[in-house]
Amino acid sequence: MPKRSLVIDLDRCSGCDSCVVACKFENSVALGNYWTTVVPVKPTGTHPDIDMYWVPMQCQQCENSPCVGACPTGASYRDSENNVVLINKEECTGCKSCLAACPYSDPEGNQKPSVRWFNEEEGVTEKCTLCNHLTAASDGVENTNDTSDPAHAVPPCVHNCSCGARSFGDLDDPNSAASKVLAQAETDGRKVCIIEAEGVMPATRYILSEEIATWRGLGE
Amino acid sequence: MSKAVIQWSVVLLKFCAVGGAGILGFVGLSEFVGGEKKRVNTIAIVIALVLLAAAACAAFVRLGKPASIMSVARNISSGTPVSLEFLAFVACVIVAVVYLFVTMRESSTKKALGIAAMIVAVAVGFTGGYSHQAMVGMTAWHSPAVSVSFLLSALVPGGFIYLALVALFGANNEGGSEEGDDSVDSSVAQTVDDSTRKMTLVLVGLSLLSTVALIANGLMVPLGSATVLYWILVSLVGGAVPLASAALLLARPLLAWIYLGAGGALVGAFALRATIWLALNAGLSKTLESAAIIIT
């Protein structure tokens, strides 16, 4: 099955929140909610040897997704075609079980850092869908001449990243944009990292060079 | 992190479900310890069914709309922890209904139903905790101690309630205790036949295991803001008090020990299912702090 995910180059990320804005605009995310957030990992060290980086956080598309197992109605599910973890809002009862199950979420889904958010108005939980409504049939390699081409669409957070830090695609497909970026990072000797928690095996990859900063996940 | 909100309908659902299942489990056990308990068992199963119905009502309140209930029903075969909990609950209701009809009539299938009743009681108790344990995002929930303490704290109140029914409606006390009758304790003493004593022994064992499990759970998981409430209401009132009551009941069979044990066990079972929500905040930041992994 495909392993669709985002690969985020933290060497490039400047914490500008372009991805946050693009996501909110594309998905009409409720006021005060964020399907993607950028977590600043505080500066450490002493001047002039200080390092700092930003970690964009959204649904990590876990291989062992606990949200799917926790949902009483099956509203949290995997797309049968491309394996992306999604939420069917029609089936969601707003029980917040997925919020408790997800190790990257606030239990009430209303405070950062959290990759799932509770939409109070609709009474449902929401999260990043990798913009599956745009990218379901995409190979993840953007057609820069036609960004609406469904065969090559990428999530708007990827397209609008002002630093070109984000890549999208199937990690099991060596020709996807995401796989190519990962392969290049390994060739360059840069570190590829994940934010693991309780064996959920997140598919989201972060790239960080040692000369930029030492990887500390989300820090303290 | 935001402050967790206790979902009272879920607490009530789990509390009523394990209350009903626990009573049913002891009805099943009674088939193997001898003695004539047709009247007691009939009353006990009716009470278990009332509690299970209350649990179903709490579930309906939580789900809110018929479409959600249908969604849960459609998802029941998914094999997820929460679907196993619902399956165990449905099985418990079915066993209780069949058991009631069989108990009211003379039948040779009682022992088989007794085994089924004990199995579904264990299943309801365990899956109620396991659906919490499966929430990997919460360190305070993600521990086998949670499932075990949920299971044992489900069986103990059921046992005390069953013994209370034996004392009040047992074969040696057909008339029941009259209101204001000061000799009620002596009537209890008369009911302590060999079969009841065996069940009391089982209850002592379960209470001991339950107390150990509750203390272990309190020591193993980060309880956060629930720490004081947990140790007072769950470990002390819900663990030590029923254990002492069961031991005293074995030594001197007084109705007071049954009431004390039942009260403590019920308070403890309810408090366990409520305080676990207050512990929600304790684990999340720890999870993220320890989560930085370099894979290449």
# chains A, B, ... in the order shown; residues from 1 in each chain; ligands from 1
$ residues_around --residues "stretch 24-34 of chain A" --least-positions-apart "2" --cutoff "7 Å" --atoms "only C-alpha atoms" --output "CSV table (one decimal) with C-alpha atoms, in the first residue's frame"
chain,number,residue,atom,x,y,z
A,20,VAL,CA,-0.5,27.4,8.2
A,21,VAL,CA,-2.2,30.1,6.1
A,22,ALA,CA,-2.3,28.0,3.0
A,36,THR,CA,-0.8,22.4,10.7
A,37,THR,CA,1.2,24.4,13.1
A,110,ASN,CA,-8.0,23.2,21.3
A,117,TRP,CA,-8.4,19.9,16.5
A,119,ASN,CA,-14.3,22.0,15.7
$ interface_residues --of "chain A" --to "chain B" --cutoff "8 Å" --atoms "only C-alpha atoms" --output "ChimeraX atom specification"
/A:66,69-74,91-93,95,97,99-108,110-113,186,191-198,215-220
$ closest_residue --among "A:Ser148, A:Lys96, A:Asn143, A:Arg190" --to "B:Ile6" --atoms "only C-alpha atoms"
A:Lys96
$ closest_residue --among "B:Gly34, B:Gly158, B:Gly238, B:Gly170" --to "B:Gly20" --atoms "only C-alpha atoms"
B:Gly158
$ decode --residues "stretch 21-65 of chain B" --atoms "C-alpha atoms" --output "mmCIF file, in the first residue's frame"
data_model
loop_
_atom_site.group_PDB
_atom_site.id
_atom_site.type_symbol
_atom_site.label_atom_id
_atom_site.label_comp_id
_atom_site.auth_asym_id
_atom_site.auth_seq_id
_atom_site.Cartn_x
_atom_site.Cartn_y
_atom_site.Cartn_z
ATOM 1 C CA ALA B 21 -21.565 -7.612 34.438
ATOM 2 C CA GLY B 22 -20.059 -8.129 37.908
ATOM 3 C CA ILE B 23 -23.385 -9.200 39.371
ATOM 4 C CA LEU B 24 -23.979 -11.519 36.430
ATOM 5 C CA GLY B 25 -20.529 -13.035 36.923
ATOM 6 C CA PHE B 26 -21.334 -13.926 40.524
ATOM 7 C CA VAL B 27 -24.690 -15.374 39.481
ATOM 8 C CA GLY B 28 -22.683 -17.594 37.149
ATOM 9 C CA LEU B 29 -20.291 -18.502 39.956
ATOM 10 C CA SER B 30 -23.212 -19.471 42.188
ATOM 11 C CA GLU B 31 -23.999 -22.372 39.846
ATOM 12 C CA PHE B 32 -20.770 -24.040 40.921
ATOM 13 C CA VAL B 33 -20.874 -23.609 44.690
ATOM 14 C CA GLY B 34 -24.129 -25.419 45.380
ATOM 15 C CA GLY B 35 -27.150 -24.218 47.307
ATOM 16 C CA GLU B 36 -30.623 -23.215 46.167
ATOM 17 C CA LYS B 37 -30.484 -19.695 44.758
ATOM 18 C CA LYS B 38 -33.277 -19.506 42.202
ATOM 19 C CA ARG B 39 -34.961 -16.522 43.840
ATOM 20 C CA VAL B 40 -31.737 -14.646 44.496
ATOM 21 C CA ASN B 41 -30.411 -15.316 41.021
ATOM 22 C CA THR B 42 -33.619 -14.123 39.382
ATOM 23 C CA ILE B 43 -33.492 -10.857 41.331
ATOM 24 C CA ALA B 44 -29.758 -10.486 40.702
ATOM 25 C CA ILE B 45 -30.116 -10.944 36.937
ATOM 26 C CA VAL B 46 -32.977 -8.425 36.844
ATOM 27 C CA ILE B 47 -30.787 -5.891 38.687
ATOM 28 C CA ALA B 48 -27.899 -6.667 36.301
ATOM 29 C CA LEU B 49 -30.186 -6.079 33.322
ATOM 30 C CA VAL B 50 -31.385 -2.765 34.780
ATOM 31 C CA LEU B 51 -27.753 -1.658 35.161
ATOM 32 C CA LEU B 52 -26.924 -2.799 31.633
ATOM 33 C CA ALA B 53 -29.948 -0.869 30.347
ATOM 34 C CA ALA B 54 -28.716 2.208 32.211
ATOM 35 C CA ALA B 55 -25.316 1.740 30.565
ATOM 36 C CA ALA B 56 -26.986 1.542 27.153
ATOM 37 C CA CYS B 57 -28.888 4.774 27.921
ATOM 38 C CA ALA B 58 -25.610 6.489 28.864
ATOM 39 C CA ALA B 59 -24.099 5.294 25.577
ATOM 40 C CA PHE B 60 -27.057 6.685 23.637
ATOM 41 C CA VAL B 61 -26.700 10.009 25.448
ATOM 42 C CA ARG B 62 -23.008 10.117 24.528
ATOM 43 C CA LEU B 63 -23.573 9.243 20.891
ATOM 44 C CA GLY B 64 -26.342 11.777 20.644
ATOM 45 C CA LYS B 65 -28.127 10.792 17.477
#
